Amino acid sequence: MDIKKVSKAGLGWYMKMAWRDGKSGIRRLVLFMASIVLGIAAVVSIQSFSESLKENIALQSKALMGADYVIDSNQPPNEKVESIIDSLGGADAKGVSFPSMAQFPKTGATKLVNVQGIEGAYPFYGELDTQPASAASEYQKSGGALVDATLMLQYGLQPGDSINIGKVGLPIIGTLVSAPGSTGMSASIAPPVFIPYRFIAASGLVQVGSRVGYDFYFVAKPGQDLEALDEKVDPILDKENADLDTHTSTGRRLGRRYENFGKFLNLVAFIALLLGCVGIASSVHIYIKEKLPSVAVLKCIGATRKQTFMIFLVQIAGMGLFGGLIGALAGLLLQQAFPIFLQDFLPFEVQVSFSGQPLVLGLLLGLFMSVLFALSPLLSTLYVSPLQALRIQEYPSKKSRKAHLMVFMAIILSVIAFSFWLLGSWKYALSFVLGIVVVFAILSGISLMFMRVVKKHFPASWGYTSRQSLLNLFRPNNQTMVLVLAIGVGAFLISTLYFSKDILLAKTSLESNKRTPNMILLDVQTEQREAVAERLRENDLPVIDNIPIVTMRIQKIKDRTANEIRNDTTSTINRWILNHEFRVTYRDSLIPSETLASGKWQGKARRTEVIPISLSDNVARDAQVTIGDPMVFNVQGVLMETEVASIRQVDWGRMQLNFSVVFPTGILEDAPQFHVLTTSAPDERTSAKVQRALVSQFPTVSILDLRQLLSLVDGILDKISWVINFMAFFSILTGIIVLIGSVRTSKYQRIKENVLLRTLGARNHQILKITALEYLYLGILGSTIGILLSLISSQLLALFIFETAFVPSVIPFLIVLPFITLLVLGIGLLNNRKVLQSPPLEVLRRETS
Amino acid sequence: MAKILNVNHLRKTYSNGSKDLTVLDDITFEIEEGETFAIVGPSGSGKTTLLGLCAGLDRPDKGTVELCGTDLSTLDEDGRAQLRNQKVGFIFQNFQLLPTLTALENVIVPLELQGVKNPSNSGKDLLQKVGLADRLHHYPSQLSGGEQQRVALARAFSNAPSILFADEPTGNLDEETGEKVIKLLFELNKELGTTLVIVSHDLDLARKNERILRLKGGRIMANETMVQS
């Protein structure tokens with residue numbers, strides 16, 4: 001008799017069978033759908049927002065700069081720079097900017113502002129958004145000032161009022177709503193005030209040592225290659241302490257500034273997706289387990305292994321596509337919320353766009369992740385024997401184990417590749433995946449050890465229910481490892497996320513106590529120092545710090561001049577070191593934010609010897625110097641030979657004045673310098689009174705009121721932490737779904753046993769106690785190990801990524817541990833609700849039908 | 001008549017931890033086309049294992065099975081599945097309908113696997129023959145045990161099999177329903193000229209067949225031909 005070699009049932013039949021089978025059992029895949037939707041929504045929302053951010057930066061780079069390119073310097077242009085500017089056809093506009101205290105005669109109030117003196121038609125792209133609109137074009141001609149809108153509102157100012165900048169008084173002719181490149185944050189610390197360039201000299205505010213920026217704005221000629229111009233001119237300008245920035249390079253720099261924040265959010269989204277994938281595997285595992293008898297029957301009546309496999313593969317792929325679509329749509333909707341919460345953090349308005357790309361990403365990701373993570377449980381359909389329609393085969397074949405191993409490898413490789421795509425670094429991607437694998441290994445090891453210990457030291461004298469609950473932990477077909485893994489990984493990820501958020505927020509948080517200064521007086525000239533201190537004391541304010549600052553540049557590192565290093569293309573010394581104007585202090589001791597990393601701290605020196613200086617570790621690293629290396633500094637024309645005597649670790653996150661380079665006392669006392677004084681004002685009224693008094697007497701002194709800054713930073717951190725919490729919520733929600741899936745995996749086993757116990761006469765409270773104790777043990781064990789592991793991972797993150805100290809909080813132990821344990825307990829008991837409420841036979845009939 | 005099933009010196013051993021358990025040993029018999037054949041024996045005698053081996057659901061450790069002229073040892077698992085799809089029908093003790101498919105969908109699955117176009121009509125005819133014309137779109141959970149086994153009968157005959165294996169077909173039914181199902185099974189078998197192999201511990205049911213193979217402890221105790229009245 002002939003047997004046709006090829007079965008004719010193809011894709012159409014797979015789809016028909018997948019639909020027939022799926023439509024009646026759809027509610028069993030709710031967990032699957034929830035996992036995929038949450039994971040995809042998290043990734044798509046972050047990805048599409050990042051894309052929008054990038055697009056906006058690219059589109060708005062000209063408007064952000066206000067010109068095609070800018071030559072800037074923090075010193076007046078020398079002859080060489082002037083000649084370069086001339087060779088480029090002369091600047092189309094120029095500006096000078098510096099922080100200064102402004103005074104408003106109407107109220108007598110004072111405020112630190114960022115003065116921008118402009119000459120020419122700047123900005124050439126974007127606009128000065130003013131009210132009235134005509135003020136933007138008229139302020140230069142009419143000799144008026146444009147004042148930041150928030151500042152106007154805060155101080156009750158109106159166009160027509162006046163503003164004093166140094167010795168110059170100007171009428172306010174318009175409210176400045178927005179200007180190119182200003183962020184909500186920087187504008188709140190020192191709001192911008194635009195005045196005509198011609199009044200700058202008369203203000204008397206630009207003096208030696210003042211922090212002044214000089215900008216020359218250019219409009220590119222048609223067809224001009226800005227990249228080439230940048231490459232050619234920038235190195236020449238570098239030597240003259242000036243820079244050329246094109247709008248494209250500014251856009252790139254701006255993109256990089258938000259990269260870290262984006263990476264963190266990407267990581268959070270990835271954790272949500274990863275948990276979602278575990279949810280997929282877990283829910284498909286339950287689903288396929290229920291389908292295996294049907295697969296055996298299908299094989300009995302002639303379906304091949306491929307055909308039975310394909311039915312469920314097509315079904316899962318379809319569900320993945322559908323889940324991906326819903327997740328992508330949800331993600332696209334969610335990203336609308338991000339600009340609202342991040343607007344103060346960004347220097348421009350982000351127009352969130354709906355593009356097809358995230359939708360395609362969501363669909364592909366939904367399909368790929370579903371199929372990949374469902375493959376392992378789906379493989380069971382290949383190896384289920386048709387004999388199972390007659391009897392049950394317990395053990396998987398060797399072939400099945402090999403296939404599962406291959407799927408596991410595919411998962412690991414895909415996760416690494418996906419991590420790389422999200423994080424943009426192989427190092428981070430591999431570390432992340434390695435971390436996850438190590439966590440899995442440790443959790444598995446500990447659960448195995450736990451089972452052995454319980455078995456070895458089994459408390460035979462305990463009562464029946466307590467013994468039975470412990471027995472459940474290590475008897476055949478126990479769920480100990482699966483549940484400890486699921487609970488442990490969930491607790492680990494949630495706690496790590498919590499600790500990371502803590503580290504990130506603590507890094508920027510401000511300490512506030514009586515010993516901490518809350519008012520900083522900048523740019524105090526040496527001759528003003530005593531008088532300013534006296535004025536503070538008159539108002540009963542202490543002078544907490546009196547820090548001298550001397551500006552200088554690096555002339556030589558070891559035996560090579562800065563110019564030689566600049567011209568050496570093989571040198572890996574970081575270029576910023578060579579171009580930076582260092583603000584250096586001198587003192588005889590370390591301050592609390594510093595710790596000695598190497599060398600010997602030398603607080604005093606004589607001018608006759610080589611000067612022993614101290615560098616911060618980042619400067620030593622970037623300059624490639626170590627203890628004993630010579631360096632020459634150019635202190636405003638005077639060359640000073642120094643030697644690196646010590647290297648310090650500096651906690652830059654602390655709200656105090658920290659320095660990269662510190663000289664010993666006895667050297668710089670006579671150098672041209674200015675001072676920073678700090679004090680602590682008890683309330684806003686005192687602070688305002690002192691500011692008014694100081695500004696009227698010392699117009700060049702700038703005052704930074706940390707109280708204002710504190711509330712501003714707090715507000716911004718609140719918003720950032722909202723976004724972080726919001727993304728963490730995804731992970732937590734997905735984690736809970738995974739947990740439900742894992743506990744449900746053990747549902748059928750438990751129900752059968754408990755029904756048997758009831759049939760043998762066990763009472764409800766006995767079954768309840770056995771179940772509750774078992775889940776309690778697993779919940780406590782899994783979440784405790786997870787949180788302990790997260791302490792290690794957070795310490796590593798703090799050390800290598802955030803580069804800061806980590807002080808663990810007890811919150812995860814107080815909240816995460818009991819929450820997860822109760823959740824496990826609740827889900828476990830809910831599973832047994834049916835057993836407790838119905839007669840045994842009814843339960844068995846319902847569960848087997 | 002041609003031999004449809006030829007079993008030679010069959011041996012099957014299962015490993016139970018460190019011990020090997022021989023379930024079937026030196027089983028040899030043959031069945032001719034159109035015959036009705038019963039395999040009987042007490043629990044644990046190896047009846048179901050033998051049925052599984054004859055239908056190509058499992059491989060023997062020793063010996064050969066030739067089904068419908070094909071030596072099963074020459075086929076891989078998919079080859080054996082295709083052979084079952086084209087030549088074999090199955091009836092199980094616990095019906096084994098696909099719970100997510102309706103009665104009609106269950107019946108036509110073997111035809112769909114063969115690539116038959118519009119198999120619904122023949123499916124409906126078969127369901128009508130077993131008296132379930134009004135239950136076409138019911139799911140198994142909406143049918144009684146007897147009705148489920150009748151759907152299973154319709155499915156077993158849907159691919160016009162050369163041989164039909166029935167594993168304790170009345171094991172999950174009450175006596176009255178069981179008798180009705182058996183009557184229907186023999187009627188359909190006669191009408192379609194199918195070879196019937198029934199595994200049962202019910203001697204009354206066995207005696208309705210033309211031949212009986214008695215098993216005990218994995219060995220053949222007797223291979224009897226019944227005298228039909």
# chains A, B, ... in the order shown; residues from 1 in each chain; ligands from 1

call {"tool": "residues_around", "arguments": {"residues": "Tyr139 of chain B", "least_positions_apart": "5", "cutoff": "8 Å", "atoms": "only C-alpha atoms", "output": "NGL selection string"}}
result
:B and (99-103)

call {"tool": "write_last_selection", "arguments": {"atoms": "N, CA and C atoms", "output": "short mmCIF file (atom, residue, chain, number, x, y, z; two decimals), in the first residue's frame"}}
result
data_model
loop_
_atom_site.label_atom_id
_atom_site.label_comp_id
_atom_site.auth_asym_id
_atom_site.auth_seq_id
_atom_site.Cartn_x
_atom_site.Cartn_y
_atom_site.Cartn_z
N PRO B 99 -10.47 19.59 22.97
CA PRO B 99 -11.48 20.34 23.71
C PRO B 99 -11.80 21.71 23.14
N THR B 100 -10.87 22.26 22.33
CA THR B 100 -11.11 23.61 21.82
C THR B 100 -11.77 23.60 20.44
N LEU B 101 -12.06 22.39 19.93
CA LEU B 101 -12.70 22.28 18.62
C LEU B 101 -14.13 21.77 18.78
N THR B 102 -15.01 22.21 17.89
CA THR B 102 -16.40 21.73 17.94
C THR B 102 -16.44 20.27 17.47
N ALA B 103 -17.63 19.65 17.60
CA ALA B 103 -17.78 18.25 17.18
C ALA B 103 -17.40 18.09 15.71
#

call {"tool": "residues_around", "arguments": {"residues": "Ala154 of chain B", "least_positions_apart": "3", "cutoff": "6 Å", "atoms": "only C-alpha atoms", "output": "count of residues only"}}
result
5

call {"tool": "select_by_dssp", "arguments": {"residues": "segment 569-814 of chain A", "states": "strand (DSSP E or B)", "output": "PyMOL selection string"}}
result
chain A and resi 582-586+594-599+604+611-616+630-635+638-650+661-663+665+674-679+702-705

call {"tool": "write_last_selection", "arguments": {"atoms": "C-alpha atoms", "output": "short mmCIF file (atom, residue, chain, number, x, y, z; two decimals), in the first residue's frame"}}
result
data_model
loop_
_atom_site.label_atom_id
_atom_site.label_comp_id
_atom_site.auth_asym_id
_atom_site.auth_seq_id
_atom_site.Cartn_x
_atom_site.Cartn_y
_atom_site.Cartn_z
CA PHE A 582 41.24 76.34 35.54
CA ARG A 583 39.80 78.13 38.55
CA VAL A 584 42.30 77.20 41.22
CA THR A 585 42.27 77.79 44.95
CA TYR A 586 44.97 77.51 47.57
CA GLU A 594 37.78 65.35 49.43
CA THR A 595 39.72 62.20 50.25
CA LEU A 596 43.36 61.59 49.48
CA ALA A 597 43.67 58.88 46.82
CA SER A 598 47.47 58.85 46.48
CA GLY A 599 50.59 60.88 47.29
CA LYS A 604 52.38 74.88 52.60
CA ILE A 611 55.35 73.86 43.94
CA PRO A 612 53.65 70.69 45.24
CA ILE A 613 50.06 70.74 43.94
CA SER A 614 47.06 68.46 44.34
CA LEU A 615 44.90 67.27 41.42
CA SER A 616 41.46 65.70 41.42
CA PRO A 630 56.01 67.99 36.63
CA MET A 631 53.40 70.44 35.27
CA VAL A 632 53.78 74.11 34.33
CA PHE A 633 50.83 76.48 34.78
CA ASN A 634 50.44 79.85 33.12
CA VAL A 635 49.05 82.14 35.83
CA VAL A 638 53.58 84.06 34.91
CA LEU A 639 54.79 80.48 34.44
CA MET A 640 54.79 78.38 37.58
CA GLU A 641 56.60 75.07 37.82
CA THR A 642 54.70 72.53 39.85
CA GLU A 643 54.81 68.85 40.72
CA VAL A 644 51.87 66.56 41.36
CA ALA A 645 52.20 65.85 45.10
CA SER A 646 48.79 64.31 45.72
CA ILE A 647 45.69 63.09 43.91
CA ARG A 648 42.27 63.54 45.53
CA GLN A 649 38.92 61.89 45.10
CA VAL A 650 36.33 64.64 45.03
CA VAL A 661 43.56 71.86 41.11
CA VAL A 662 44.56 73.01 44.61
CA PHE A 663 47.77 74.91 45.33
CA THR A 665 49.41 78.25 50.70
CA PHE A 674 38.90 87.05 43.18
CA HIS A 675 37.05 85.48 46.08
CA VAL A 676 33.97 83.48 46.80
CA LEU A 677 32.35 84.13 50.14
CA THR A 678 29.60 81.96 51.55
CA THR A 679 27.13 82.67 54.28
CA SER A 702 27.07 88.18 41.94
CA ILE A 703 24.93 86.49 44.55
CA LEU A 704 23.58 82.99 44.20
CA ASP A 705 20.70 82.28 46.54
#

call {"tool": "select_by_dssp", "arguments": {"residues": "segment 98-219 of chain B", "states": "alpha helix (DSSP H)", "output": "PyMOL selection string"}}
result
chain B and resi 103-114+120-129+145-158+175-192+203-207

call {"tool": "closest_residue", "arguments": {"among": "A:Ala303, A:Ile487, A:Ile411, A:Val453", "to": "Arg84 of chain B", "atoms": "only C-alpha atoms"}}
result
A:Ala303

call {"tool": "residues_around", "arguments": {"residues": "Leu10 of chain B", "least_positions_apart": "5", "cutoff": "9 Å", "atoms": "only C-alpha atoms", "output": "MDAnalysis selection string"}}
result
chainID B and resid 24:28 50 53 60:65

call {"tool": "write_last_selection", "arguments": {"atoms": "N, CA and C atoms", "output": "CSV table (one decimal), in the first residue's frame"}}
result
chain,number,residue,atom,x,y,z
B,24,LEU,N,6.2,-6.5,27.2
B,24,LEU,CA,5.8,-7.5,26.1
B,24,LEU,C,6.9,-8.3,25.7
B,25,ASP,N,6.7,-9.6,25.5
B,25,ASP,CA,7.8,-10.5,25.2
B,25,ASP,C,7.4,-11.5,24.1
B,26,ASP,N,8.1,-11.5,23.0
B,26,ASP,CA,7.9,-12.5,22.0
B,26,ASP,C,6.4,-12.6,21.5
B,27,ILE,N,5.9,-11.5,21.1
B,27,ILE,CA,4.5,-11.4,20.6
B,27,ILE,C,4.5,-11.6,19.1
B,28,THR,N,3.8,-12.6,18.7
B,28,THR,CA,3.7,-12.8,17.2
B,28,THR,C,2.2,-13.1,16.9
B,50,LEU,N,0.8,-3.0,23.5
B,50,LEU,CA,0.7,-3.7,22.2
B,50,LEU,C,0.0,-2.9,21.2
B,53,LEU,N,2.1,-0.1,19.9
B,53,LEU,CA,3.2,-0.5,19.0
B,53,LEU,C,2.6,-0.9,17.6
B,60,PRO,N,9.2,-0.8,19.1
B,60,PRO,CA,9.5,-2.0,19.9
B,60,PRO,C,11.0,-2.0,20.1
B,61,ASP,N,11.5,-2.7,21.2
B,61,ASP,CA,12.9,-3.0,21.4
B,61,ASP,C,13.4,-4.1,20.5
B,62,LYS,N,12.5,-5.0,20.2
B,62,LYS,CA,12.9,-6.1,19.3
B,62,LYS,C,11.6,-6.5,18.5
B,63,GLY,N,11.8,-7.1,17.4
B,63,GLY,CA,10.7,-7.6,16.6
B,63,GLY,C,10.3,-6.5,15.6
B,64,THR,N,9.3,-6.9,14.7
B,64,THR,CA,8.8,-6.0,13.7
B,64,THR,C,7.3,-5.9,13.7
B,65,VAL,N,6.8,-4.8,13.2
B,65,VAL,CA,5.4,-4.6,13.0
B,65,VAL,C,5.2,-4.1,11.5

call {"tool": "atom_distance", "arguments": {"atom1": "atom CA of Met552 of chain A", "atom2": "atom CA of Gln636 of chain A"}}
result
6.2 Å

call {"tool": "closest_residue", "arguments": {"among": "B:Asn106, B:Asn121, B:Ser141, B:Thr74", "to": "chain A", "atoms": "only C-alpha atoms"}}
result
B:Ser141

call {"tool": "closest_atom_pairs", "arguments": {"of": "chain B", "to": "chain A", "cutoff": "10 Å", "atoms": "only C-alpha atoms", "output": "CSV"}}
result
residue,atom,partner,partner_atom,distance
B:Ile4,CA,A:Met1,CA,9.8
B:Thr48,CA,A:Leu390,CA,7.3
B:Thr49,CA,A:Leu390,CA,8.6
B:Leu51,CA,A:Leu390,CA,9.4
B:Gly52,CA,A:Leu387,CA,6.5
B:Leu53,CA,A:Leu387,CA,9.1
B:Ala55,CA,A:Cys300,CA,8.6
B:Gly56,CA,A:Cys300,CA,8.9
B:Leu57,CA,A:Leu387,CA,5.3
B:Asp58,CA,A:Leu387,CA,6.5
B:Leu67,CA,A:Met1,CA,9.4
B:Cys68,CA,A:Met1,CA,6.2
B:Gly69,CA,A:Met1,CA,5.8
B:Thr70,CA,A:Met1,CA,7.3
B:Glu77,CA,A:Thr304,CA,7.7
B:Asp78,CA,A:Thr304,CA,4.9
B:Gly79,CA,A:Lys5,CA,7.4
B:Arg80,CA,A:Gly302,CA,7.8
B:Ala81,CA,A:Gly302,CA,4.3
B:Gln82,CA,A:Gly302,CA,5.2
B:Leu83,CA,A:Ile3,CA,6.1
B:Arg84,CA,A:Gly302,CA,5.0
B:Asn85,CA,A:Gly302,CA,3.9
B:Gln86,CA,A:Ile3,CA,7.3
B:Lys87,CA,A:Ile3,CA,8.6
B:Val88,CA,A:Ile301,CA,7.6
B:Gly89,CA,A:Ile301,CA,6.9
B:Phe90,CA,A:Ile301,CA,6.9
B:Ile91,CA,A:Ile301,CA,9.9
B:Phe92,CA,A:Leu390,CA,7.5
B:Gln93,CA,A:Leu390,CA,8.3
B:Asn94,CA,A:Leu390,CA,9.0
B:Phe95,CA,A:Ala389,CA,9.7
B:Gln96,CA,A:Val297,CA,6.5
B:Leu97,CA,A:Ser294,CA,7.7
B:Leu98,CA,A:Ser294,CA,5.6
B:Pro99,CA,A:Ser294,CA,7.8
B:Thr100,CA,A:Asp21,CA,5.1
B:Leu101,CA,A:Arg20,CA,6.4
B:Thr102,CA,A:Arg20,CA,8.8
B:Glu105,CA,A:Arg20,CA,8.7
B:Asn106,CA,A:Leu298,CA,9.9
B:Val109,CA,A:Ile301,CA,8.4
B:Pro110,CA,A:Ile301,CA,6.3
B:Leu111,CA,A:Ala9,CA,9.4
B:Glu112,CA,A:Ala9,CA,6.4
B:Leu113,CA,A:Ala9,CA,5.0
B:Gln114,CA,A:Lys8,CA,5.6
B:Gly115,CA,A:Lys8,CA,4.5
B:Val116,CA,A:Lys8,CA,8.3
B:Tyr139,CA,A:Ser24,CA,9.5
B:Pro140,CA,A:Ser849,CA,9.1
B:Ser141,CA,A:Ser849,CA,6.7
B:Arg155,CA,A:Ile301,CA,9.0
B:Ala156,CA,A:Ile301,CA,8.2
B:Asn159,CA,A:Ile301,CA,9.5
B:Asp167,CA,A:Leu390,CA,8.1

call {"tool": "closest_residue", "arguments": {"among": "A:Met519, A:Met481, A:Ala429, A:Ile446", "to": "Ile785 of chain A", "atoms": "only C-alpha atoms"}}
result
A:Ile446

call {"tool": "atom_distance", "arguments": {"atom1": "atom CA of Asp202 of chain B", "atom2": "atom CA of Val40 of chain B"}}
result
7.4 Å

call {"tool": "atom_distance", "arguments": {"atom1": "atom CA of Pro161 of chain B", "atom2": "atom CA of Gln148 of chain B"}}
result
19.8 Å

call {"tool": "residues_around", "arguments": {"residues": "segment 148-156 of chain A", "least_positions_apart": "4", "cutoff": "10 Å", "atoms": "only C-alpha atoms", "output": "PyMOL selection string"}}
result
chain A and resi 104+106-111+113-114+130-131+161+172+174-179+184+187-188+190-194

call {"tool": "write_last_selection", "arguments": {"atoms": "C-alpha atoms", "output": "PDB file, in the first residue's frame"}}
result
ATOM      1  CA  PHE A 104      14.780  96.801  39.874  1.00  0.00           C
ATOM      2  CA  LYS A 106      10.459  99.867  41.176  1.00  0.00           C
ATOM      3  CA  THR A 107      10.706  97.525  44.160  1.00  0.00           C
ATOM      4  CA  GLY A 108      14.364  97.791  45.099  1.00  0.00           C
ATOM      5  CA  ALA A 109      14.650  93.990  44.613  1.00  0.00           C
ATOM      6  CA  THR A 110      17.791  92.388  43.255  1.00  0.00           C
ATOM      7  CA  LYS A 111      18.369  89.171  41.327  1.00  0.00           C
ATOM      8  CA  VAL A 113      20.700  87.468  35.949  1.00  0.00           C
ATOM      9  CA  ASN A 114      22.566  86.421  32.848  1.00  0.00           C
ATOM     10  CA  THR A 130       8.960  88.677  23.202  1.00  0.00           C
ATOM     11  CA  GLN A 131       5.864  90.496  24.335  1.00  0.00           C
ATOM     12  CA  ASP A 161       9.645  99.761  34.334  1.00  0.00           C
ATOM     13  CA  ILE A 172      12.378  97.386  30.110  1.00  0.00           C
ATOM     14  CA  GLY A 174       9.632  93.828  26.458  1.00  0.00           C
ATOM     15  CA  THR A 175       9.114  90.502  28.183  1.00  0.00           C
ATOM     16  CA  LEU A 176      11.454  87.746  26.964  1.00  0.00           C
ATOM     17  CA  VAL A 177       9.415  84.559  26.626  1.00  0.00           C
ATOM     18  CA  SER A 178      12.129  82.432  25.048  1.00  0.00           C
ATOM     19  CA  ALA A 179      15.579  82.802  23.550  1.00  0.00           C
ATOM     20  CA  GLY A 184      14.096  76.295  32.091  1.00  0.00           C
ATOM     21  CA  ALA A 187      16.944  80.469  33.159  1.00  0.00           C
ATOM     22  CA  SER A 188      15.658  79.957  36.694  1.00  0.00           C
ATOM     23  CA  ALA A 190      20.166  83.256  36.223  1.00  0.00           C
ATOM     24  CA  PRO A 191      17.316  84.450  33.995  1.00  0.00           C
ATOM     25  CA  PRO A 192      18.432  86.055  30.721  1.00  0.00           C
ATOM     26  CA  VAL A 193      18.323  89.812  30.236  1.00  0.00           C
ATOM     27  CA  PHE A 194      19.088  91.087  26.713  1.00  0.00           C
TER      28      PHE A 194
END

call {"tool": "residues_around", "arguments": {"residues": "Ser370 of chain A", "least_positions_apart": "3", "cutoff": "7 Å", "atoms": "only C-alpha atoms", "output": "ChimeraX atom specification"}}
result
/A:280,316-317,320,366-367,373-374

call {"tool": "write_last_selection", "arguments": {"atoms": "C-alpha atoms", "output": "mmCIF file, in the first residue's frame"}}
result
data_model
loop_
_atom_site.group_PDB
_atom_site.id
_atom_site.type_symbol
_atom_site.label_atom_id
_atom_site.label_comp_id
_atom_site.auth_asym_id
_atom_site.auth_seq_id
_atom_site.Cartn_x
_atom_site.Cartn_y
_atom_site.Cartn_z
ATOM 1 C CA ILE A 280 5.646 35.185 28.023
ATOM 2 C CA ILE A 316 1.834 32.584 19.543
ATOM 3 C CA ALA A 317 3.208 34.631 16.641
ATOM 4 C CA GLY A 320 2.769 38.443 19.704
ATOM 5 C CA GLY A 366 6.231 41.619 19.860
ATOM 6 C CA LEU A 367 6.589 38.911 17.233
ATOM 7 C CA PHE A 373 10.617 33.196 24.663
ATOM 8 C CA ALA A 374 7.772 30.845 23.781
#

call {"tool": "residues_around", "arguments": {"residues": "Ser571 of chain A", "least_positions_apart": "2", "cutoff": "12 Å", "atoms": "only C-alpha atoms", "output": "list in words"}}
result
Ile557, Arg560, Ala562, Asn563, Glu564, Ile565, Arg566, Asn567, Asp568, Thr569, Ile573, Asn574, Arg575, Leu578, Asp622, Ala623 and Gln624 of chain A

call {"tool": "write_last_selection", "arguments": {"atoms": "N, CA and C atoms", "output": "PDB file, in the first residue's frame"}}
result
ATOM      1  N   ILE A 557      52.833  69.741  30.276  1.00  0.00           N
ATOM      2  CA  ILE A 557      52.589  68.529  31.056  1.00  0.00           C
ATOM      3  C   ILE A 557      53.837  67.669  30.894  1.00  0.00           C
ATOM      4  N   ARG A 560      56.404  68.334  27.860  1.00  0.00           N
ATOM      5  CA  ARG A 560      55.862  68.763  26.561  1.00  0.00           C
ATOM      6  C   ARG A 560      54.909  69.938  26.748  1.00  0.00           C
ATOM      7  N   ALA A 562      51.765  72.498  25.903  1.00  0.00           N
ATOM      8  CA  ALA A 562      50.380  72.227  25.518  1.00  0.00           C
ATOM      9  C   ALA A 562      50.241  72.225  23.998  1.00  0.00           C
ATOM     10  N   ASN A 563      50.968  73.149  23.333  1.00  0.00           N
ATOM     11  CA  ASN A 563      50.883  73.213  21.867  1.00  0.00           C
ATOM     12  C   ASN A 563      51.452  71.967  21.213  1.00  0.00           C
ATOM     13  N   GLU A 564      52.572  71.467  21.769  1.00  0.00           N
ATOM     14  CA  GLU A 564      53.167  70.238  21.211  1.00  0.00           C
ATOM     15  C   GLU A 564      52.187  69.070  21.347  1.00  0.00           C
ATOM     16  N   ILE A 565      51.530  68.999  22.493  1.00  0.00           N
ATOM     17  CA  ILE A 565      50.578  67.895  22.704  1.00  0.00           C
ATOM     18  C   ILE A 565      49.389  68.043  21.751  1.00  0.00           C
ATOM     19  N   ARG A 566      48.931  69.300  21.575  1.00  0.00           N
ATOM     20  CA  ARG A 566      47.804  69.541  20.655  1.00  0.00           C
ATOM     21  C   ARG A 566      48.145  69.069  19.237  1.00  0.00           C
ATOM     22  N   ASN A 567      49.393  69.336  18.829  1.00  0.00           N
ATOM     23  CA  ASN A 567      49.781  68.990  17.452  1.00  0.00           C
ATOM     24  C   ASN A 567      50.114  67.513  17.276  1.00  0.00           C
ATOM     25  N   ASP A 568      50.276  66.814  18.397  1.00  0.00           N
ATOM     26  CA  ASP A 568      50.603  65.384  18.320  1.00  0.00           C
ATOM     27  C   ASP A 568      49.302  64.573  18.213  1.00  0.00           C
ATOM     28  N   THR A 569      49.054  64.072  17.003  1.00  0.00           N
ATOM     29  CA  THR A 569      47.778  63.374  16.785  1.00  0.00           C
ATOM     30  C   THR A 569      47.728  62.031  17.508  1.00  0.00           C
ATOM     31  N   ILE A 573      46.113  62.396  25.515  1.00  0.00           N
ATOM     32  CA  ILE A 573      45.758  63.321  26.605  1.00  0.00           C
ATOM     33  C   ILE A 573      44.479  64.058  26.207  1.00  0.00           C
ATOM     34  N   ASN A 574      43.545  64.118  27.146  1.00  0.00           N
ATOM     35  CA  ASN A 574      42.264  64.712  26.825  1.00  0.00           C
ATOM     36  C   ASN A 574      42.410  66.200  26.507  1.00  0.00           C
ATOM     37  N   ARG A 575      41.842  66.617  25.366  1.00  0.00           N
ATOM     38  CA  ARG A 575      42.077  67.977  24.875  1.00  0.00           C
ATOM     39  C   ARG A 575      41.490  69.064  25.773  1.00  0.00           C
ATOM     40  N   LEU A 578      43.910  70.860  27.963  1.00  0.00           N
ATOM     41  CA  LEU A 578      44.813  71.841  27.367  1.00  0.00           C
ATOM     42  C   LEU A 578      44.124  73.185  27.130  1.00  0.00           C
ATOM     43  N   ASP A 622      42.770  62.386  33.024  1.00  0.00           N
ATOM     44  CA  ASP A 622      42.659  62.970  31.684  1.00  0.00           C
ATOM     45  C   ASP A 622      43.968  63.600  31.215  1.00  0.00           C
ATOM     46  N   ALA A 623      44.778  64.100  32.187  1.00  0.00           N
ATOM     47  CA  ALA A 623      46.064  64.708  31.808  1.00  0.00           C
ATOM     48  C   ALA A 623      47.169  63.655  31.743  1.00  0.00           C
ATOM     49  N   GLN A 624      46.831  62.438  32.147  1.00  0.00           N
ATOM     50  CA  GLN A 624      47.780  61.308  32.157  1.00  0.00           C
ATOM     51  C   GLN A 624      49.030  61.630  32.973  1.00  0.00           C
TER      52      GLN A 624
END

call {"tool": "closest_residue", "arguments": {"among": "A:Leu363, A:Leu378, A:Val96, A:Leu768", "to": "Glu119 of chain A", "atoms": "only C-alpha atoms"}}
result
A:Val96

call {"tool": "decode", "arguments": {"residues": "segment 33-37 of chain B", "atoms": "C-alpha atoms", "output": "compact mmCIF listing (two decimals), in the first residue's frame"}}
result
# COMPACT_ATOMS: atom_id res chain seq x y z
CA GLU B 33 -8.06 -7.31 6.14
CA GLY B 34 -11.66 -6.83 7.31
CA GLU B 35 -11.21 -8.98 10.43
CA THR B 36 -12.45 -7.92 13.86
CA PHE B 37 -9.82 -8.68 16.47
